[in-house]
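Asker: Structure below; questions to follow.
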Amino acid sequence: MRALHIKLLRELRRLWAQVLAIALVMAAGVATLIIGVGTYQSLERTRALYYEANHFADLFAGLTRAPRPLLDEIGAIDGVLAVDGRIAKLALADIEGLTEPASTLLVSLPDGGREPLNQLYLRSGRLPEVGHATEAVVSEIFAKARGFVPGSHLRVVMNGSLRDITITGIALSPEYIYAMAPGETMPNEGRFGVLWMPEKALAAAYDLQGAFNAVAVKLLPGASLPAVTAAVDRVLAPYGGQGAYGRAQQTSNAFLDSELTQLRGMSSVLPPVFLLVAAFLVNMTLTRLIALEREQIGLLKALGYSSWAVAWHYVEFVMLIAIVGTALGYGLGIWAGNGLTVLYARFYSFPVLVFSRDPILYVVAGGITMAAAVIGAVRAVSKAAWLPPAVAMLPPAPPQYRQVLGARTVVRLALPQTWNMVTRHLLHWPWRTIGGVLGMAFAVAILVGSIWSIGSMNFTIDYIFNRTERQDATINFLGAKPVRALYEIGRLPGVLAAEPQRTIGVEIRSGHVKRRVAVSGHAAGSRLTRLLDASLVPVVLPPTGIVLGKTLADLLGVRPGDTVEVTPLEGDRTTRQVTVTGLVESYLGLSAYMELGALNALFDHAPLISGANVAIDTSREAELFAALKATPALGLISLRAVSLERFRETMAENLFVMIGVLVAMAGVIAFGVVYNFARISLSEQGREMASLRVLGFYRHEVSMLLLAEIAVVTLLAQPIGWFLGYQLARGMVRSFSSELFTMPLVVSPDVYVYSSAVVVAAALLSALIVRRRIDRLDMIAVLKTRE
């Protein structure tokens, strides 16, 4: 080994604690990058391969009923590669061991052949045999939740007739990676599933022989999606077409897109923070190391080592730290990424989901970390490596102290002598003090920027389930019914109150921006379902006009008083001009509301309703559920308590895992910054502390010099960290929010308290470790040093 390499290893061994602290901060940045990008790649690539292998459609449309020969006309549209017509119907299911009714989506399978689009991935069992009308394949996530296996049975209400269905297989579909019942806020795998049955069986049950009510279309590469969508809508309009839509609006794909957006946001926000702190720590540590080795640098240059050789020696030092940090980050990132992938596999139904092992990701992560380390070292190395040998061998000039506030300042701070020494030392090295404060502030900011999401989740739950959607259950019909159906609902056992609702799918446009949404109609005096504005004040639906959710209004660029174009997606496609009369907060999806009578009048409908929101007597739930299972006209029943529980479980599991990782990483930053700051201060003030000990000062009095510095830096970092954390939270809201889900920015005071408590605890731990070194200070050896 070369002499400089031996020296390098000795320095690493001597400074192992500081090296490890810096490496851990680097590891946090590498791990965050690998977790975010690796999980993103896993989901994105798995989805792409799954879509391609199982021929996932590009365009979807629902309709009332159309003859099968119409499929040839759709297939002849310019840009269409393949088309698949099928039957899809919602139905209630009676499952043994489940008190409340479950909901199923019945989807037809072609008789005697494989479906051309959205092909099933059979996990176990077999497909239904031709001619067996009571056999079905069930979605895997539903089967796992209810314990179904091939050979299990369940009863399904098919067009008013209760039928016993035998499960022959368990399957996955690219169309239902994220299977969620219509109108639900979260998947409920125990109460909603997909059943694939023979086409003849469904056609006979629903009187759709030789017909279909749903279509999927695959486009040619380069085909225009808007053009094909318009053409399909024209073909299906006479048959009750409900508006074609692309993958972006397909529920399963849209939720996956939203998740990918959040992962992309995390990957772009957090890693730079960790690497910036790591670069600062490298600069701080290397600057002090070079200051202590000025004489050695002078001797090396006097012995013939060039300035470049000396510079490269110290660059190698930081590169080794970066290698250690990168290796630790690889291990932590792979471990956490595998855990996160397992978590995603519980919510997204893929045939296989494996954490990404893309070599490019690891090369990029290592390269960025190495670059951050070298950049942090450039200033310190360039400042010392080109010193002339004679100058380098001289000790540095003694520090020059001065009155910071000036001699004529009237106000003087009456500080104890110890605090004067602390203040003088902090102000003598202003950039290092500022760097220490900013490093600690970044740790606080990361915590604020992650813990705030707990308050946001709790606010969202309270807003949705306690303030706005206050009904116990929502009962949806299989199609619109006359208003008198509401009275039938009100007479069901256990129903305390029932309020009507109507939902109509429309395309809403302002200028060149348009979105397809469901307009919800409610009675003006509804108490079970309320609308709230930004100040959480109830909004009464006016007798005319439309009320938009804030997210939809922002997308359309409209405000109260503006006019939007509304076109129904089924029936009469005439476009209406409607005035926006108000805005309400809406955190889930794109929403629009009208008074029930105004909604029916706008589209020239008779008084119709799509369902009812009901309040339930909990003591009679069993009677009500039994009555609902026996009611053939019902299609979907949503229970608020079940939805709330599922929402809490899903959000809490995802959030707490991620917050736990971020809290640990923020603690690493705080520990690394404080420990390196304290060790450097100790090396600079060793003579002063040893002198004080010789003069008779106690250990705790001497330690106070260093602990007070740490306390000042930690204290100054808190308000800065709070401010940066709030900005980080705002950035995360923008990065994570999508058309499906908007996160409210709720940062309560306890977020700042918890964040500061974690950072103070990490600072206290590192301070106590350094305190032990002060207690073991060799006074004679320190006093013999030239400094």
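We label chains A, B, ... in the order they appear in the structure tokens, count residues from 1 in each chain, and number ligands from 1 in the order shown.
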Please identify all polymer residues within 10 Å of A:Arg146, counting only C-alpha atoms, omitting same-chain residues fewer than 4 positions from it, and present them as a PDB file with C-alpha atoms, in the first residue's frame.

Answerer:
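Writing the result to selection_16.pdb gives the following:
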```pdb
ATOM      1  CA  ILE A  95     -72.370 -14.816   2.027  1.00  0.00           C
ATOM      2  CA  GLU A  96     -72.343 -17.216   4.926  1.00  0.00           C
ATOM      3  CA  GLY A  97     -70.889 -15.576   8.022  1.00  0.00           C
ATOM      4  CA  LEU A  98     -71.462 -12.017   6.741  1.00  0.00           C
ATOM      5  CA  GLU A 140     -58.496 -13.313  -5.755  1.00  0.00           C
ATOM      6  CA  ILE A 141     -58.616 -10.497  -3.188  1.00  0.00           C
ATOM      7  CA  PHE A 142     -62.321 -11.177  -2.538  1.00  0.00           C
ATOM      8  CA  GLU A 189     -62.238  -6.732  -0.310  1.00  0.00           C
ATOM      9  CA  GLY A 190     -64.523  -8.538   2.135  1.00  0.00           C
ATOM     10  CA  ARG A 191     -67.721  -6.932   0.814  1.00  0.00           C
ATOM     11  CA  GLY A 193     -65.753  -8.871  -5.468  1.00  0.00           C
TER      12      GLY A 193
END
```

Asker: List every residue of stretch 145-239 of chain A that DSSP, applied to the backbone, labels as alpha helix (DSSP H), and write the result as a list in words.

Answerer: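 Listing alpha helix (DSSP H) positions across stretch 145-239 of chain A yields Ala145, Arg146, Glu199, Lys200, Ala201, Leu202, Ala203, Ala204, Ala205, Leu225, Pro226, Ala227, Val228, Thr229, Ala230, Ala231, Val232, Asp233, Arg234, Val235 and Leu236 of chain A.
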
Asker: Neighbours of stretch 660-673 of chain A within 7 Å (only C-alpha atoms; same-chain residues fewer than 2 positions away dropped), as a PDB file with C-alpha atoms, in the first residue's frame?

Answerer:
```
ATOM      1  CA  ALA A  21     -22.498   9.549  11.475  1.00  0.00           C
ATOM      2  CA  ILE A  22     -21.912  11.121   8.062  1.00  0.00           C
ATOM      3  CA  LEU A  24     -25.676   7.218   8.031  1.00  0.00           C
ATOM      4  CA  VAL A  25     -26.973  10.548   6.737  1.00  0.00           C
ATOM      5  CA  ALA A  28     -30.732   7.850   4.544  1.00  0.00           C
ATOM      6  CA  LEU A 281     -21.192  17.478   7.200  1.00  0.00           C
ATOM      7  CA  GLY A 436     -25.202  23.344  12.095  1.00  0.00           C
ATOM      8  CA  GLY A 439     -28.677  20.849   9.406  1.00  0.00           C
ATOM      9  CA  MET A 440     -30.763  20.557  12.559  1.00  0.00           C
ATOM     10  CA  ALA A 443     -34.129  17.296  10.523  1.00  0.00           C
ATOM     11  CA  ILE A 446     -38.427  16.333   7.555  1.00  0.00           C
ATOM     12  CA  LEU A 447     -40.365  15.426  10.678  1.00  0.00           C
ATOM     13  CA  SER A 450     -44.122  13.774   7.461  1.00  0.00           C
ATOM     14  CA  PHE A 656     -47.452   4.895   9.735  1.00  0.00           C
ATOM     15  CA  VAL A 657     -44.986   2.741   7.815  1.00  0.00           C
ATOM     16  CA  MET A 658     -43.726   5.720   5.837  1.00  0.00           C
ATOM     17  CA  TYR A 675     -22.336  14.704  16.863  1.00  0.00           C
ATOM     18  CA  ASN A 676     -20.036  16.117  14.194  1.00  0.00           C
ATOM     19  CA  PHE A 677     -20.614  19.670  15.420  1.00  0.00           C
ATOM     20  CA  VAL A 758     -37.537  13.844  18.334  1.00  0.00           C
ATOM     21  CA  VAL A 759     -34.742  16.161  17.211  1.00  0.00           C
ATOM     22  CA  ALA A 762     -31.379  12.813  19.071  1.00  0.00           C
ATOM     23  CA  ALA A 763     -29.303  15.908  19.929  1.00  0.00           C
ATOM     24  CA  SER A 766     -25.220  12.655  20.679  1.00  0.00           C
TER      25      SER A 766
END
```

Asker: Calculated over only C-alpha atoms, which of the candidates A:Met180, A:Asn600, A:Gly494, A:Gly549 has the smallest distance to A:Ser619?

Answerer: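 Of A:Met180, A:Asn600, A:Gly494, A:Gly549, the one nearest A:Ser619, counting only C-alpha atoms, is A:Gly494.
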
Asker: If you run DSSP on the backbone here, which positions in stretch 587-658 of chain A get strand (DSSP E or B)? Please write them as a list in words.

Answerer: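 Across stretch 587-658 of chain A, those assigned strand (DSSP E or B) are Leu588, Ala592, Tyr593, Met594, Glu595, Leu608, Ile609, Ser610, Gly611, Ala612, Asn613, Val614, Ala615, Ile616, Leu634, Gly635, Leu636, Ile637, Ser638 and Leu639 of chain A.
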
Asker: When you count only C-alpha atoms, which of these residues is closest to A:Ile475: A:Ile334, A:Leu639, A:Ala377, A:Gly511?

Answerer: A:Leu639

Asker: Between A:Arg640, A:Arg234, A:His522, A:Arg734, single out the one closest to A:Glu184, counting only C-alpha atoms.

Answerer: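 Counting only C-alpha atoms, the residue closest to A:Glu184 is A:Arg640.
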
Asker: Within 7 Å of stretch 99-104 of chain A, counting only C-alpha atoms, which residues show up once you throw out same-chain ones fewer than 5 positions away? Write them as a short mmCIF file (atom, residue, chain, number, x, y, z; two decimals) with N, CA, C and O atoms, in the first residue's frame, please.

Answerer:
```cif
data_model
loop_
_atom_site.label_atom_id
_atom_site.label_comp_id
_atom_site.auth_asym_id
_atom_site.auth_seq_id
_atom_site.Cartn_x
_atom_site.Cartn_y
_atom_site.Cartn_z
N LEU A 90 -74.16 -5.27 -11.69
CA LEU A 90 -74.00 -5.29 -10.24
C LEU A 90 -75.07 -6.16 -9.61
O LEU A 90 -76.22 -6.19 -10.08
N ALA A 91 -74.71 -6.88 -8.55
CA ALA A 91 -75.67 -7.75 -7.88
C ALA A 91 -75.31 -7.88 -6.41
O ALA A 91 -74.14 -7.81 -6.03
N LEU A 92 -76.33 -8.07 -5.60
CA LEU A 92 -76.10 -8.34 -4.18
C LEU A 92 -75.76 -9.81 -3.98
O LEU A 92 -76.20 -10.68 -4.75
N ALA A 93 -74.99 -10.08 -2.93
CA ALA A 93 -74.60 -11.45 -2.62
C ALA A 93 -74.86 -11.73 -1.15
O ALA A 93 -74.64 -10.86 -0.29
N ASP A 94 -75.31 -12.91 -0.88
CA ASP A 94 -75.53 -13.37 0.50
C ASP A 94 -74.44 -14.38 0.81
O ASP A 94 -74.41 -15.47 0.25
N ARG A 191 -66.32 -7.21 1.15
CA ARG A 191 -67.72 -6.93 0.81
C ARG A 191 -67.95 -6.64 -0.66
O ARG A 191 -69.07 -6.37 -1.08
N PHE A 192 -66.89 -6.66 -1.45
CA PHE A 192 -67.06 -6.45 -2.89
C PHE A 192 -66.08 -7.34 -3.65
O PHE A 192 -64.89 -7.39 -3.34
N GLY A 193 -66.60 -8.02 -4.64
CA GLY A 193 -65.75 -8.87 -5.47
C GLY A 193 -66.29 -8.95 -6.88
O GLY A 193 -67.42 -8.53 -7.18
N VAL A 194 -65.47 -9.49 -7.77
CA VAL A 194 -65.84 -9.64 -9.17
C VAL A 194 -66.04 -11.13 -9.45
O VAL A 194 -65.21 -11.96 -9.06
N LEU A 195 -67.16 -11.45 -10.11
CA LEU A 195 -67.44 -12.83 -10.52
C LEU A 195 -67.51 -12.87 -12.04
O LEU A 195 -68.25 -12.09 -12.65
N ALA A 622 -79.67 -6.35 11.95
CA ALA A 622 -79.82 -7.70 11.39
C ALA A 622 -81.12 -7.81 10.59
O ALA A 622 -81.14 -8.41 9.50
N PHE A 625 -80.67 -5.83 7.27
CA PHE A 625 -79.80 -6.50 6.30
C PHE A 625 -80.52 -7.70 5.67
O PHE A 625 -80.38 -7.96 4.47
N LYS A 629 -81.25 -8.04 1.64
CA LYS A 629 -80.82 -9.20 0.83
C LYS A 629 -81.98 -9.77 0.02
O LYS A 629 -81.77 -10.36 -1.04
N LEU A 636 -76.27 -1.92 -4.89
CA LEU A 636 -75.07 -1.70 -4.09
C LEU A 636 -75.46 -1.03 -2.78
O LEU A 636 -76.28 -0.11 -2.76
#
```

Asker: For atom CA of A:Pro388 and atom CA of A:Ile6, quote the distance in Å rounded to one decimal.

Answerer: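 Separation between atom CA of A:Pro388 and atom CA of A:Ile6: 23.7 Å.
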
Asker: Neighbouring residues of A:Pro67 were defined as those with any atom within 12 Å, considering only C-alpha atoms; residues of the same chain fewer than 3 positions away were excluded. Please report them as a JSON list (two decimals) with C-alpha atoms, in the first residue's frame.

Answerer:
```
[["chain", "number", "residue", "atom", "x", "y", "z"],
["A", 63, "LEU", "CA", -74.58, 1.23, -22.33],
["A", 64, "THR", "CA", -78.12, -0.03, -21.83],
["A", 70, "LEU", "CA", -72.81, -3.55, -33.55],
["A", 71, "LEU", "CA", -69.37, -4.73, -32.43],
["A", 72, "ASP", "CA", -68.36, -5.04, -36.09],
["A", 73, "GLU", "CA", -69.25, -1.39, -36.62],
["A", 74, "ILE", "CA", -67.10, -0.40, -33.63],
["A", 85, "GLY", "CA", -68.57, -6.74, -26.06],
["A", 86, "ARG", "CA", -69.69, -8.26, -22.77],
["A", 87, "ILE", "CA", -72.30, -8.19, -20.05],
["A", 203, "ALA", "CA", -77.57, -13.22, -20.94],
["A", 208, "LEU", "CA", -79.52, -9.93, -22.96],
["A", 209, "GLN", "CA", -79.37, -12.82, -25.46],
["A", 210, "GLY", "CA", -77.41, -11.72, -28.50],
["A", 211, "ALA", "CA", -76.65, -8.38, -26.84],
["A", 212, "PHE", "CA", -74.09, -6.65, -24.63],
["A", 213, "ASN", "CA", -74.09, -3.72, -22.21],
["A", 214, "ALA", "CA", -70.37, -3.01, -21.87],
["A", 215, "VAL", "CA", -67.60, -2.72, -24.42],
["A", 235, "VAL", "CA", -72.15, 4.53, -32.42],
["A", 236, "LEU", "CA", -73.43, 3.74, -28.92],
["A", 238, "PRO", "CA", -78.84, 5.22, -29.81],
["A", 239, "TYR", "CA", -78.34, 2.28, -27.45]]
```
